[in-house]
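A quick write-up on the structure given underneath.
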Amino acid sequence: NKTIRSFRPADNGLGIRGISSDGKMLALVGFGPAVELHNTLTKKRTHSLDHKIRSPRVCFSPDAKLVVLGDIGGGLSFWNVSTGKLVHE
């Protein structure tokens with residue numbers, strides 16, 4: 001096995017919860033409602049999603065254009081990865 005790229009987020013309580021299919025984006029989730037999207041190439045945060053789900057489940061769409069946040073009650077919210085804006089709730 002060979003490491004292609006490494007990424008270590010700042011020590012701010014966030015952990016990696018999802019990675020896009022192209023490997024270019026990470027979704028980091030903390031203990032509260034924080035969900036941040038990070039670019040793995042630049043290693044910079046691109047967006048902080050303004051949502052109300054505590055410790056959400058995260059999944060990227062196959063084309064990496066959307067990130068979906070899900071809660072324990074079955075609620076879903078869809079976010080545009082490029083803009084960080086809510087698309088559908």
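Ligands are numbered from 1 in the order shown, residues from 1 within each chain, and chains are lettered A, B, ... in the order they appear in the structure tokens.
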
* **Non-local contacts of A:Asn39 (9 Å; only C-alpha atoms; under 2 positions in same chain excluded) as a list in words** => Gly23, Lys24, Met25, Leu26, Leu37, Leu41, Thr42, Lys43, Lys44, Arg45 and Thr46 of chain A

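For the pair atom CA of A:Leu69 and atom CA of A:Glu36, the interatomic distance is 11.6 Å.
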
* **Within 9 Å of stretch 74-88 of chain A using only C-alpha atoms, minus same-chain residues under 6 positions, as number ranges by chain** => A: 25, 37, 46-51, 53, 60, 64-68
